[in-house]
Amino acid sequence: MKDSLCIADKTFTSRLFTGTGKFSDGETMAAAIKASESELTTVALKRIEIDQDDQHILSYFKGMNISFLPNTSGVKTAKEAVFAAKMAREALQTNWIKLEIHPDQKHLMPDPIETLKAAEVLVKEGFVVLPYIHADPVLCKRLEDVGAQAVMPLGSPIGTNLGLKTADFLSLIIRQSNVPVIIDAGIGSPSDAAKAFEMGADAVLVNTAIAASQNPIGMAKAFKQACQSGRQAFLSGLPTKKTSAQASSPLTSFLDDN
Amino acid sequence: MTTDFSAIHKTYDWSLLAESIYNKTSKDVQRALENRHVDLEDFKALISPAAQPFLESMAQKSQKITQSRFGKTIQMYVPLYLSNECQNICTYCGFSLNIDIPRKTLTPDEIHTEAKHLRDLGYHHVLVVTGEANKSVGMPYFLEALEILKQYFSQISFEVQPLETKEYIELKKRGVYSILVYQETYRQDEYKKHHPKGKKSNFLYRLKTPDRIGNAEIDRVGLGVLIGLEDWRVDSFFTALHLSYLEKTYWRSKYSISFPRLRPCANGIDLKSVMSDKELLQLICAYRIFNAQVELSLSTRESEVFRNNAFALGITSISAESSTNPGGYVVNKDSLKQFDVHDTRSTKEYISVIKSKGYDPVFKDWDAVLYDQ
């Protein structure tokens, strides 16, 4: 059986989502994303030159099997995010939007209250909303309730490569979510990505760790393989770790008398 | 997103499920006992015949999980039967329409009398039970009864006929904390044989009831099957599946599960699937290992010995001194019973057993004041 991931109207074979930021040049970016076999890549709306016919950053992907996921990076409020999403829909001809609102300029931590407000509005306007959020299980359910098509909780602060610092909360989110869980931000190495899949994540989004690597193409391949391994391990059922043996003091001996 | 549980239910085949449960091995059970996150496949292993030699390990694990989540406490509740009028024929039930015995529905004065008696015994949590007689025992009756019951009890649960979402919303507004509707069996092709007549014969309407309760944001939703009607293992798997679906969908609600084993009643019945005490304990422990937070409830259908020991192995709420007929406590002791209870000890007697085992019997753990009215 084919292990594909469905989100809204799209089906993905690859569970590795990528980003287009921080690469040294456009050619390396396209080559790395091609090597990753990723089928969805984020593009910051703020980087697109809307007035130009040949939109600079997108032109590198000609002929590739890839969808673009515009993000609202740079906005600080729900109102700005809704406006940015509408701009992105015009510019990229897609109703998909990665909703990210970070008023905090130091760590770029997402604002949960503004994100929920914006998600509700955007879903009503017909967008496929993928919100970037802290690994907050209740927020994930609230976003699901207003119609978010997936949730994108963070592993650690964006760009830090610290790995899955929020693992325990991610695990709760994964187990109770009715929509795909895409682990975003903080995934610093292929082993982090593999770990995310072993935990049951539906997809991961990796940008910095590939883009800022010494060899982005090599690292993209490594991530591709790690994602596949982790997913395969999850589907196969990981062996359990042995816990200590039983104590004495039988609790069930009362049953022997009848 | 799925709109209700029936869409999930129809993707499962009863006999294939039975086969997959009965094919579980001791290795599967060991893995289930060691897994940090126990899934539905693990649950199948834990309720399978292969798990029976692991009952002691299961009991220890279940006790540990329960104590860490709920402490060494046990919630006390008592059933209050308001009516035995019923328009359904259920082959196993003492209230079945075809049983020709005078019916009784408590008047407001009688509700006061019964409620006061139970309150004097120390109960603050009451489980209101009725048959299904929509004309005489419908929403107007429930609302009238609630106004009385609120004067005596701080937590009111309802085990009555399935209702519409808007009716559940109304009940919540008027102070109902919890709604229990047992599916009886998830086996659709046999359901009609057990429920040949009345509104209850509509399998899908009943199956979708917890969705309506969830949509009404009732604080706690009670699930269960009638053990003995069909293979309890397969029915319990469906209950666990239903629980998982509901927890994910109506995530603001709590859930409880009960384990009614068929008991002798005026209707008499041949049991398809007899469950031993060992198997009942196995099922209790399996639910607890599967789900740390679900509330598990034990009634006086069970024996003294079982209740003395099993309450500390996964159960979170328990009743005592129950009557299963309307007026059974004071006003009409001899009216038609739903079933015969097994443990007839007084509340006082039973709580001394609980205390002797180092547990605190909790009579009040809620207040209607907390409702946003």
# chains A, B, ... in the order shown; residues from 1 in each chain; ligands from 1
>>> interface_residues(of="chain A", to="chain B", cutoff="6 Å", atoms="only C-alpha atoms", output="list in words")
Gln176, Thr240 and Thr252 of chain A
>>> write_last_selection(atoms="N, CA and C atoms", output="tab-separated table (two decimals), in the first residue's frame")
chain	number	residue	atom	x	y	z
A	176	GLN	N	-3.62	13.01	19.68
A	176	GLN	CA	-5.02	13.43	19.73
A	176	GLN	C	-5.47	14.26	18.54
A	240	THR	N	9.63	-2.30	21.99
A	240	THR	CA	9.49	-1.58	23.25
A	240	THR	C	10.78	-1.68	24.05
A	252	THR	N	-4.46	-10.22	42.50
A	252	THR	CA	-5.55	-10.94	41.83
A	252	THR	C	-5.85	-12.30	42.47
>>> select_by_dssp(residues="stretch 118-336 of chain B", states="strand (DSSP E or B)", output="PyMOL selection string")
chain B and resi 125-129+155-159+176-180+184+197+220-225+227+254-258+261+295-298+317-319
>>> residues_around(residues="stretch 69-73 of chain A", least_positions_apart="2", cutoff="8 Å", atoms="only C-alpha atoms", output="ChimeraX atom specification")
/A:40-46,67,75,81,84-85,88,92,94,96-102
>>> write_last_selection(atoms="N, CA and C atoms", output="PDB file, in the first residue's frame")
ATOM      1  N   LEU A  40       6.580  19.946  -1.492  1.00  0.00           N
ATOM      2  CA  LEU A  40       5.963  21.194  -1.014  1.00  0.00           C
ATOM      3  C   LEU A  40       7.055  22.047  -0.384  1.00  0.00           C
ATOM      4  N   THR A  41       7.135  23.278  -0.833  1.00  0.00           N
ATOM      5  CA  THR A  41       8.164  24.144  -0.256  1.00  0.00           C
ATOM      6  C   THR A  41       7.553  25.501   0.072  1.00  0.00           C
ATOM      7  N   THR A  42       7.995  26.045   1.185  1.00  0.00           N
ATOM      8  CA  THR A  42       7.435  27.330   1.599  1.00  0.00           C
ATOM      9  C   THR A  42       8.181  28.478   0.919  1.00  0.00           C
ATOM     10  N   VAL A  43       7.417  29.521   0.678  1.00  0.00           N
ATOM     11  CA  VAL A  43       7.994  30.735   0.099  1.00  0.00           C
ATOM     12  C   VAL A  43       7.463  31.903   0.902  1.00  0.00           C
ATOM     13  N   ALA A  44       8.364  32.760   1.359  1.00  0.00           N
ATOM     14  CA  ALA A  44       7.909  33.934   2.102  1.00  0.00           C
ATOM     15  C   ALA A  44       7.335  34.938   1.122  1.00  0.00           C
ATOM     16  N   LEU A  45       6.101  35.333   1.380  1.00  0.00           N
ATOM     17  CA  LEU A  45       5.453  36.307   0.508  1.00  0.00           C
ATOM     18  C   LEU A  45       6.305  37.556   0.370  1.00  0.00           C
ATOM     19  N   LYS A  46       6.952  37.917   1.454  1.00  0.00           N
ATOM     20  CA  LYS A  46       7.731  39.161   1.448  1.00  0.00           C
ATOM     21  C   LYS A  46       8.898  39.104   0.474  1.00  0.00           C
ATOM     22  N   SER A  67       4.897  21.980  -5.204  1.00  0.00           N
ATOM     23  CA  SER A  67       3.869  22.986  -4.910  1.00  0.00           C
ATOM     24  C   SER A  67       4.474  24.016  -3.974  1.00  0.00           C
ATOM     25  N   VAL A  75       4.540  39.258   9.385  1.00  0.00           N
ATOM     26  CA  VAL A  75       3.380  39.951   9.952  1.00  0.00           C
ATOM     27  C   VAL A  75       3.362  39.787  11.474  1.00  0.00           C
ATOM     28  N   ALA A  81      -1.917  39.314   8.824  1.00  0.00           N
ATOM     29  CA  ALA A  81      -1.773  37.969   8.258  1.00  0.00           C
ATOM     30  C   ALA A  81      -2.858  37.696   7.222  1.00  0.00           C
ATOM     31  N   ALA A  84      -1.927  39.533   4.126  1.00  0.00           N
ATOM     32  CA  ALA A  84      -0.797  38.866   3.451  1.00  0.00           C
ATOM     33  C   ALA A  84      -1.258  37.596   2.737  1.00  0.00           C
ATOM     34  N   ALA A  85      -2.173  36.876   3.363  1.00  0.00           N
ATOM     35  CA  ALA A  85      -2.653  35.636   2.753  1.00  0.00           C
ATOM     36  C   ALA A  85      -3.383  35.926   1.444  1.00  0.00           C
ATOM     37  N   ALA A  88      -0.879  36.693  -1.149  1.00  0.00           N
ATOM     38  CA  ALA A  88      -0.200  35.467  -1.569  1.00  0.00           C
ATOM     39  C   ALA A  88      -1.072  34.674  -2.530  1.00  0.00           C
ATOM     40  N   LEU A  92       0.618  33.844  -6.024  1.00  0.00           N
ATOM     41  CA  LEU A  92       1.044  32.469  -6.314  1.00  0.00           C
ATOM     42  C   LEU A  92      -0.086  31.589  -6.835  1.00  0.00           C
ATOM     43  N   THR A  94      -2.558  30.232  -5.336  1.00  0.00           N
ATOM     44  CA  THR A  94      -2.866  29.072  -4.481  1.00  0.00           C
ATOM     45  C   THR A  94      -3.653  29.559  -3.273  1.00  0.00           C
ATOM     46  N   TRP A  96      -3.515  27.853  -0.530  1.00  0.00           N
ATOM     47  CA  TRP A  96      -2.799  27.315   0.627  1.00  0.00           C
ATOM     48  C   TRP A  96      -2.005  28.441   1.286  1.00  0.00           C
ATOM     49  N   ILE A  97      -2.028  28.417   2.628  1.00  0.00           N
ATOM     50  CA  ILE A  97      -1.232  29.434   3.315  1.00  0.00           C
ATOM     51  C   ILE A  97      -0.634  28.862   4.597  1.00  0.00           C
ATOM     52  N   LYS A  98       0.660  29.084   4.740  1.00  0.00           N
ATOM     53  CA  LYS A  98       1.277  28.771   6.026  1.00  0.00           C
ATOM     54  C   LYS A  98       1.165  30.039   6.860  1.00  0.00           C
ATOM     55  N   LEU A  99       0.357  29.904   7.918  1.00  0.00           N
ATOM     56  CA  LEU A  99       0.059  31.071   8.735  1.00  0.00           C
ATOM     57  C   LEU A  99       1.116  31.192   9.820  1.00  0.00           C
ATOM     58  N   GLU A 100       1.936  32.205   9.714  1.00  0.00           N
ATOM     59  CA  GLU A 100       2.872  32.436  10.815  1.00  0.00           C
ATOM     60  C   GLU A 100       2.872  33.894  11.197  1.00  0.00           C
ATOM     61  N   ILE A 101       2.666  34.092  12.482  1.00  0.00           N
ATOM     62  CA  ILE A 101       2.565  35.447  13.022  1.00  0.00           C
ATOM     63  C   ILE A 101       3.530  35.529  14.194  1.00  0.00           C
ATOM     64  N   HIS A 102       4.636  36.244  13.991  1.00  0.00           N
ATOM     65  CA  HIS A 102       5.526  36.379  15.147  1.00  0.00           C
ATOM     66  C   HIS A 102       5.881  37.817  15.457  1.00  0.00           C
TER      67      HIS A 102
END
>>> residues_around(residues="stretch 136-139 of chain A", least_positions_apart="6", cutoff="8 Å", atoms="only C-alpha atoms", output="VMD selection string")
chain A and resid 112 116 153 169 to 170 172 to 173
>>> atom_distance(atom1="atom CA of B:Val331", atom2="atom CA of B:Tyr123")
18.2 Å
>>> residues_around(residues="stretch 345-347 of chain B", least_positions_apart="4", cutoff="8 Å", atoms="only C-alpha atoms", output="PyMOL selection string")
chain B and resi 121+320-321+351
>>> residues_around(residues="B:Phe238", least_positions_apart="6", cutoff="10 Å", atoms="only C-alpha atoms", output="count of residues only")
13
>>> residues_around(residues="A:Ala203", least_positions_apart="2", cutoff="7 Å", atoms="only C-alpha atoms", output="PyMOL selection string")
chain A and resi 15-16+181-183+201+205
>>> atom_distance(atom1="atom CA of A:Met219", atom2="atom CA of A:Ala35")
9.0 Å
>>> select_by_dssp(residues="stretch 14-92 of chain A", states="helix (DSSP H, G or I)", output="number ranges by chain")
A: 26-36, 45-47, 56-61, 78-92
>>> closest_residue(among="A:Glu80, A:Glu90, A:Asp104, A:Asp25", to="A:Lys117", atoms="only C-alpha atoms")
A:Glu80
>>> atom_distance(atom1="atom CA of B:Gln67", atom2="atom CA of B:Ser317")
13.1 Å
>>> closest_residue(among="B:Lys337, B:His242, B:His124, B:Lys208", to="B:Ser319", atoms="only C-alpha atoms")
B:His124
>>> closest_residue(among="B:Glu190, B:Glu167, B:Asp13, B:Glu279", to="B:Phe54", atoms="only C-alpha atoms")
B:Glu279
>>> decode(residues="stretch 299-336 of chain B", atoms="N, CA and C atoms", output="mmCIF file, in the first residue's frame")
data_model
loop_
_atom_site.group_PDB
_atom_site.id
_atom_site.type_symbol
_atom_site.label_atom_id
_atom_site.label_comp_id
_atom_site.auth_asym_id
_atom_site.auth_seq_id
_atom_site.Cartn_x
_atom_site.Cartn_y
_atom_site.Cartn_z
ATOM 1 N N SER B 299 -20.727 -1.191 39.356
ATOM 2 C CA SER B 299 -22.033 -1.116 40.022
ATOM 3 C C SER B 299 -22.204 -2.279 40.998
ATOM 4 N N THR B 300 -23.381 -2.314 41.604
ATOM 5 C CA THR B 300 -23.689 -3.389 42.564
ATOM 6 C C THR B 300 -24.156 -4.655 41.863
ATOM 7 N N ARG B 301 -24.019 -4.702 40.525
ATOM 8 C CA ARG B 301 -24.270 -5.953 39.816
ATOM 9 C C ARG B 301 -23.244 -7.001 40.219
ATOM 10 N N GLU B 302 -22.079 -6.517 40.711
ATOM 11 C CA GLU B 302 -20.988 -7.450 41.020
ATOM 12 C C GLU B 302 -21.034 -7.908 42.467
ATOM 13 N N SER B 303 -20.317 -8.992 42.735
ATOM 14 C CA SER B 303 -20.365 -9.610 44.057
ATOM 15 C C SER B 303 -19.567 -8.818 45.091
ATOM 16 N N GLU B 304 -19.808 -9.125 46.347
ATOM 17 C CA GLU B 304 -19.067 -8.468 47.433
ATOM 18 C C GLU B 304 -17.567 -8.691 47.283
ATOM 19 N N VAL B 305 -17.184 -9.939 47.046
ATOM 20 C CA VAL B 305 -15.748 -10.250 46.971
ATOM 21 C C VAL B 305 -15.108 -9.489 45.812
ATOM 22 N N PHE B 306 -15.775 -9.498 44.686
ATOM 23 C CA PHE B 306 -15.210 -8.795 43.529
ATOM 24 C C PHE B 306 -15.094 -7.304 43.816
ATOM 25 N N ARG B 307 -16.134 -6.731 44.364
ATOM 26 C CA ARG B 307 -16.133 -5.287 44.628
ATOM 27 C C ARG B 307 -15.135 -4.905 45.722
ATOM 28 N N ASN B 308 -14.920 -5.789 46.684
ATOM 29 C CA ASN B 308 -13.956 -5.496 47.753
ATOM 30 C C ASN B 308 -12.540 -5.371 47.227
ATOM 31 N N ASN B 309 -12.253 -6.112 46.183
ATOM 32 C CA ASN B 309 -10.880 -6.144 45.661
ATOM 33 C C ASN B 309 -10.693 -5.320 44.404
ATOM 34 N N ALA B 310 -11.639 -5.430 43.478
ATOM 35 C CA ALA B 310 -11.429 -4.836 42.151
ATOM 36 C C ALA B 310 -11.522 -3.319 42.157
ATOM 37 N N PHE B 311 -12.183 -2.739 43.177
ATOM 38 C CA PHE B 311 -12.321 -1.273 43.152
ATOM 39 C C PHE B 311 -10.958 -0.578 43.135
ATOM 40 N N ALA B 312 -9.952 -1.264 43.673
ATOM 41 C CA ALA B 312 -8.626 -0.631 43.772
ATOM 42 C C ALA B 312 -7.726 -0.975 42.590
ATOM 43 N N LEU B 313 -8.280 -1.591 41.557
ATOM 44 C CA LEU B 313 -7.423 -2.059 40.453
ATOM 45 C C LEU B 313 -7.721 -1.354 39.135
ATOM 46 N N GLY B 314 -8.265 -0.160 39.214
ATOM 47 C CA GLY B 314 -8.531 0.573 37.975
ATOM 48 C C GLY B 314 -9.819 1.370 37.996
ATOM 49 N N ILE B 315 -10.712 1.019 38.924
ATOM 50 C CA ILE B 315 -12.020 1.681 39.019
ATOM 51 C C ILE B 315 -11.849 3.084 39.616
ATOM 52 N N THR B 316 -12.706 4.023 39.180
ATOM 53 C CA THR B 316 -12.653 5.371 39.754
ATOM 54 C C THR B 316 -13.965 5.778 40.420
ATOM 55 N N SER B 317 -15.063 5.112 40.050
ATOM 56 C CA SER B 317 -16.309 5.454 40.741
ATOM 57 C C SER B 317 -17.130 4.195 40.969
ATOM 58 N N ILE B 318 -17.869 4.203 42.059
ATOM 59 C CA ILE B 318 -18.569 2.991 42.463
ATOM 60 C C ILE B 318 -19.864 3.361 43.181
ATOM 61 N N SER B 319 -20.867 2.536 43.013
ATOM 62 C CA SER B 319 -22.143 2.766 43.694
ATOM 63 C C SER B 319 -22.280 1.760 44.828
ATOM 64 N N ALA B 320 -23.211 2.027 45.730
ATOM 65 C CA ALA B 320 -23.491 1.070 46.809
ATOM 66 C C ALA B 320 -24.942 1.220 47.225
ATOM 67 N N GLU B 321 -25.442 0.194 47.828
ATOM 68 C CA GLU B 321 -26.795 0.208 48.398
ATOM 69 C C GLU B 321 -27.856 0.567 47.355
ATOM 70 N N SER B 322 -27.640 0.133 46.115
ATOM 71 C CA SER B 322 -28.504 0.588 45.023
ATOM 72 C C SER B 322 -29.827 -0.148 44.970
ATOM 73 N N SER B 323 -30.869 0.600 44.596
ATOM 74 C CA SER B 323 -32.127 -0.001 44.168
ATOM 75 C C SER B 323 -32.268 0.246 42.675
ATOM 76 N N THR B 324 -32.852 -0.709 41.970
ATOM 77 C CA THR B 324 -32.990 -0.549 40.523
ATOM 78 C C THR B 324 -34.464 -0.452 40.117
ATOM 79 N N ASN B 325 -35.285 0.026 41.040
ATOM 80 C CA ASN B 325 -36.695 0.235 40.717
ATOM 81 C C ASN B 325 -37.132 1.612 41.201
ATOM 82 N N PRO B 326 -38.081 2.240 40.493
ATOM 83 C CA PRO B 326 -38.522 3.576 40.897
ATOM 84 C C PRO B 326 -39.205 3.532 42.257
ATOM 85 N N GLY B 327 -38.713 4.340 43.162
ATOM 86 C CA GLY B 327 -39.253 4.336 44.517
ATOM 87 C C GLY B 327 -38.635 3.284 45.404
ATOM 88 N N GLY B 328 -37.635 2.619 44.889
ATOM 89 C CA GLY B 328 -37.056 1.463 45.571
ATOM 90 C C GLY B 328 -36.391 1.772 46.901
ATOM 91 N N TYR B 329 -36.059 3.034 47.152
ATOM 92 C CA TYR B 329 -35.406 3.343 48.423
ATOM 93 C C TYR B 329 -36.424 3.540 49.552
ATOM 94 N N VAL B 330 -37.530 4.257 49.228
ATOM 95 C CA VAL B 330 -38.494 4.578 50.277
ATOM 96 C C VAL B 330 -39.943 4.359 49.841
ATOM 97 N N VAL B 331 -40.334 5.010 48.741
ATOM 98 C CA VAL B 331 -41.765 5.188 48.495
ATOM 99 C C VAL B 331 -42.481 3.989 47.869
ATOM 100 N N ASN B 332 -41.765 3.116 47.216
ATOM 101 C CA ASN B 332 -42.443 2.011 46.522
ATOM 102 C C ASN B 332 -41.454 0.866 46.353
ATOM 103 N N LYS B 333 -41.102 0.258 47.455
ATOM 104 C CA LYS B 333 -39.987 -0.685 47.459
ATOM 105 C C LYS B 333 -40.193 -1.886 46.541
ATOM 106 N N ASP B 334 -41.455 -2.212 46.249
ATOM 107 C CA ASP B 334 -41.710 -3.437 45.496
ATOM 108 C C ASP B 334 -42.048 -3.213 44.031
ATOM 109 N N SER B 335 -41.786 -2.014 43.494
ATOM 110 C CA SER B 335 -42.088 -1.805 42.076
ATOM 111 C C SER B 335 -41.131 -2.636 41.225
ATOM 112 N N LEU B 336 -41.454 -2.701 39.919
ATOM 113 C CA LEU B 336 -40.672 -3.532 38.994
ATOM 114 C C LEU B 336 -39.215 -3.076 38.911
#
